[in-house]
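Data first, discussion second: the structure below is written as structure tokens.
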Amino acid sequence: MPQQISWKIGGQQGEGIESGGEFLAAGLAGAGFLLYGYRLFSSRIRGGHTNYNLRISASPVASLADHTDLLVALDQETIVVCANELAADGVILADEKISPLLPANAPGRLIAAPLTALAEQAGNAKMKNVVAVGITASLLKLAPAAWEKAMVEQLGAKGEEMVQANLRAFQLGWNYAEDSLQSLAGKYALEPADGVRRYYMTGNDAISQGAVDAGVTLMAAYPITPASEIMEAMVHELPKIDGVMIQTEDEIAACMMAIGANYAGKRAFTATSGPGLSLMAEAIGLAGMTETPLVVINVQRGGPSTGLPTKHEQSDLMAAIFSTHGDAPKIVIAPDSIASLQSDTMTTFNLAEQYQCPVILLSDMQLSLGKQTVAESDLQAVPVNRGKLIAAADLPELAKNQYFKRYQITEDGVSPRVIPGTNNGIHHVTGLEHDETGRPFEGAANRKAQTDKRMRKMKAVIRDFPEPVRIDAPFAQPRLLVITMGGAGGAVAEAVDRLRQGGVEVNRAQIRLLHPFPATILAPLIWAAHAVVVVEHNATAQLAWLIRSSCGQSAELHSVLKYDGNPFRPDEIVAGCREVL
């Protein structure tokens, strides 16, 4: 009895690939299985290959599997594109209507099944995806009851007739598998799950929940894949707490509006991807100069330019840290899991107000659009910290023609802040260099003092951010240290476990704070290792460059890179590490 299987459904965009995967996942999550889902889709509304990959297990999983055990193909292109990922004993279950052919030298075996014919029998050929889910449920040896409940939850709003038609399609698929696929009986019957119902959520869901929990009342954004789902969530959630989501004319306006709302004392943010982050560069610098809290969520995708708008990459690292002109204070964080995105988003808003500067939360497509079962206990609340926001009652009375020292030189680099209109808090605000009250002033001594103050406050960020480096280091002097960031963390953790099981002494470090860089934490781990492997999704080894420039290099540093638009699988990382060893 297998502990886990990897299931995939593929076809043309618009054929219900995502809804089929979501329907299967809903029933499995309700039965207590732990899931990791990822969808590959085209940048077109209809047409173009798309697939939904679901890893199903009775124990926690945090990445895609090495191979696909069961592939449901609704067209021949899916077989051509995905057959090479099939396990040696894997099965392709293809719609017989497409007269499927198994490519030469492809692993596994092909079974043609009447998916369209059964869907037509249920009432609509489009329900062939639901037929496939019914077949899968039978092969998993799981009772249909879980999917009956999921069907009502997912389609109940469309009416009873729609629910019943889909239930017929599901049952016909189930019956077909029971009667005609006896050769597969027991092959995919998993170990029993614990029955605990968990959330099945994307990283964008977690970000949206974190923003609401942090007390956000305004989001300003312009639609862009793969960040648009955050906007869509905020449209529904913010009105419930007297907030608003505003779709602006472009990303520049979105960033400026978020700055304005934060200046006015509200918690506000924007979300974008690489092209939008490029447009926001000047506005982010304005937030740095005016010391206005600002949160920017950047969900990385393939670049440059329009690049790969629906594919995974981690190539915005340098842009997030360095794109703003001048010496602007800025914090860049890279959460390491879907669950951590919720609490890290809350922390991001705290950091923005504590340090009165822009904070960029650097997600990536795998983190944001990947989907995982998450226990309620994993979604941690973070207390709100508004930093040095001073209430009117705590302000001394100003003399005539005197102004509040909004940019007061302080030892920790953080100046007192007031909401505009606060009695005795009047001050200037400008993007020009300024004195302590905000008046434009270009004097040399003032320029140095204000710049030093703005940069000085960055020194304490490493102290205030939870786990700047997530460390798994059981060995004092390991043969290998594997370092990564963002969505690659799940595959890296699994790869490291496999290497350890093979007798290799391996430590692991996941960098969660990218700027200011936690060199004092990471450097000792590097110095202790005989060799270091940096795993990242870009062509120019941006994280490895940042490590070298920040920590120096005593151990030999190697890169394992992937930039074809697809996330790492654990076996690819194991292979890369073994090459180094």
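Residues are named by chain letter and number: chains run A, B, ... in the order of the structure tokens, numbers start at 1 in each chain, and ligands are numbered from 1 in the order shown.
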Practice item. Give me every alpha helix (DSSP H) residue in stretch 22-250 of chain A, going by DSSP on the backbone, as a VMD selection string. Key: chain A and resid 22 to 30 76 to 82 115 to 122 128 to 139 145 to 155 160 to 180 203 to 213 228 to 237
Practice item. As a PyMOL selection string, list the residues of stretch 343-481 of chain A assigned to strand (DSSP E) by DSSP on the backbone atoms of this structure. Key: chain A and resi 358-364+371-374+469-472+480-481
Review point. Residues at most 9 Å from A:Cys82, counting only C-alpha atoms, excluding those fewer than 3 positions away in the same chain, as a list in words?
Key: Gly10, Thr68, Leu71, Glu77, Thr78, Ile79, Glu85 and Leu86 of chain A
Generate the output file for the selected residues, C-alpha atoms, as a short mmCIF file (atom, residue, chain, number, x, y, z; two decimals), in the first residue's frame.
data_model
loop_
_atom_site.label_atom_id
_atom_site.label_comp_id
_atom_site.auth_asym_id
_atom_site.auth_seq_id
_atom_site.Cartn_x
_atom_site.Cartn_y
_atom_site.Cartn_z
CA GLY A 10 -3.97 17.73 -18.45
CA THR A 68 3.63 11.19 -11.99
CA LEU A 71 -1.82 10.88 -15.61
CA GLU A 77 -0.66 17.00 -26.36
CA THR A 78 -0.85 16.16 -22.66
CA ILE A 79 0.57 12.70 -23.39
CA GLU A 85 7.41 12.58 -16.17
CA LEU A 86 5.62 9.25 -15.72
#
Practice item. Find the residues around A:Cys357 up to 12 Å (only C-alpha atoms counted), leave out those fewer than 2 positions away in its own chain, and share them as JSON, numbers by chain. Key: {"A": [259, 262, 263, 283, 284, 285, 286, 287, 288, 289, 290, 291, 292, 293, 294, 295, 296, 328, 329, 330, 331, 332, 348, 349, 350, 351, 352, 353, 354, 355, 359, 360, 387, 413, 414, 415, 454, 455, 457, 458, 461]}
Review point. For A:Gly47, which residue out of A:Gly276, A:Ala227, A:Gly14, A:Asn566 is the nearest one, using only C-alpha atoms?
Key: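 Closest residue, counting only C-alpha atoms: A:Gly14.
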Check your understanding: So, counting only C-alpha atoms, which residue among A:Ala320, A:Ala146, A:Ala169, A:Ala539 is closest to A:Gly195?
Key ->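 Result for the nearest residue to A:Gly195: A:Ala146.
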**Study point:** Residues near A:Val131, cut-off 9 Å, only C-alpha atoms, skip fewer than 3 positions along chain, as number ranges by chain
**Key:** A: 115-116, 118-119, 127-128, 134-136, 166, 168-174
Review point. Could you work out how far atom CA of A:Glu556 lies from atom CA of A:Pro518, giving the answer in Å with one decimal?
Key: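 Between these atoms lies a distance of 19.5 Å.
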Review point. Neighbours of A:Gly490 within 8 Å (only C-alpha atoms; same-chain residues fewer than 5 positions away dropped), as a PyMOL selection string?
Key: chain A and resi 61-63+337
Exercise for review: Could you give me, as a list of chain:residue names, the residues within 10 Å of A:Arg406, counting only C-alpha atoms and dropping anything in the same chain fewer than 4 positions from it?
Suggested key: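 The residues satisfying every condition are A:Thr290, A:Glu291, A:Val414, A:Ser415, A:Pro416, A:Arg417, A:Val418, A:Gly425, A:Ile426, A:His427, A:His428, A:Val429, A:Asp435, A:Glu436, A:Thr437, A:Gly438.
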Output N, CA and C atoms of each residue in that selection to a file, as a tab-separated table (two decimals), in the first residue's frame.
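Below is the file that was written, again_20.tsv:
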chain	number	residue	atom	x	y	z
A	290	THR	N	10.68	59.75	2.50
A	290	THR	CA	9.71	60.38	3.41
A	290	THR	C	9.49	59.53	4.66
A	291	GLU	N	10.12	58.37	4.70
A	291	GLU	CA	10.01	57.45	5.84
A	291	GLU	C	8.55	57.10	6.13
A	414	VAL	N	15.08	55.68	14.06
A	414	VAL	CA	13.64	55.76	13.82
A	414	VAL	C	13.10	57.02	14.49
A	415	SER	N	12.45	57.86	13.72
A	415	SER	CA	11.92	59.13	14.24
A	415	SER	C	10.48	58.95	14.70
A	416	PRO	N	10.02	59.82	15.59
A	416	PRO	CA	8.60	59.77	15.97
A	416	PRO	C	7.72	60.13	14.78
A	417	ARG	N	6.53	59.55	14.73
A	417	ARG	CA	5.63	59.73	13.58
A	417	ARG	C	4.25	60.08	14.09
A	418	VAL	N	3.56	60.95	13.38
A	418	VAL	CA	2.19	61.31	13.73
A	418	VAL	C	1.31	61.19	12.50
A	425	GLY	N	1.35	68.29	15.85
A	425	GLY	CA	2.16	67.40	15.03
A	425	GLY	C	2.43	67.94	13.63
A	426	ILE	N	2.24	69.25	13.42
A	426	ILE	CA	2.40	69.81	12.08
A	426	ILE	C	3.86	69.72	11.63
A	427	HIS	N	4.06	69.32	10.37
A	427	HIS	CA	5.41	69.19	9.82
A	427	HIS	C	5.32	69.20	8.30
A	428	HIS	N	6.47	69.32	7.65
A	428	HIS	CA	6.55	69.23	6.19
A	428	HIS	C	6.83	67.78	5.78
A	429	VAL	N	6.43	67.44	4.57
A	429	VAL	CA	6.80	66.15	3.96
A	429	VAL	C	7.18	66.43	2.51
A	435	ASP	N	15.29	68.83	6.69
A	435	ASP	CA	15.79	68.86	8.07
A	435	ASP	C	14.84	68.07	8.96
A	436	GLU	N	14.99	68.20	10.25
A	436	GLU	CA	14.22	67.39	11.18
A	436	GLU	C	12.72	67.67	11.13
A	437	THR	N	12.32	68.88	10.70
A	437	THR	CA	10.89	69.19	10.62
A	437	THR	C	10.32	68.91	9.23
A	438	GLY	N	11.16	68.47	8.30
A	438	GLY	CA	10.71	68.16	6.96
A	438	GLY	C	10.93	69.26	5.95
Practice item. Provide the atom CA of A:Val580 to atom CA of A:Gln366 distance in Å, to one decimal place. Key: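 Taking atom CA of A:Val580 and atom CA of A:Gln366, their separation equals 25.8 Å.
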Exercise for review: Select, from A:Glu191, A:Asp179, A:Asp327, A:Asp205, the residue with the minimum atom-to-atom distance to A:Thr373, counting only C-alpha atoms.
Suggested key: A:Asp205
Review point. Any idea what the distance is between atom CA of A:Ala221 and atom CA of A:Pro309?
Key: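 Atom CA of A:Ala221 sits 17.0 Å away from atom CA of A:Pro309.
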Check your understanding: Using only C-alpha atoms, which of A:Pro103, A:Gln314, A:Val492, A:Ser343 sits nearest A:Thr540?
Key ->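 Looking only at the distances to A:Thr540, the closest residue turns out to be A:Gln314.
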Check your understanding: Which one is closest to A:Asn129: A:Asn51, A:Gln542, A:Ser550, A:Ser57? Count only C-alpha atoms.
Key ->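 Nearest candidate to A:Asn129 out of A:Asn51, A:Gln542, A:Ser550, A:Ser57: A:Asn51.
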**Study point:** Nearest to A:Gln510, chosen from A:Arg109, A:Glu249, A:Glu536, A:Ile471, with only C-alpha atoms counted in the distances
**Key:** A:Ile471
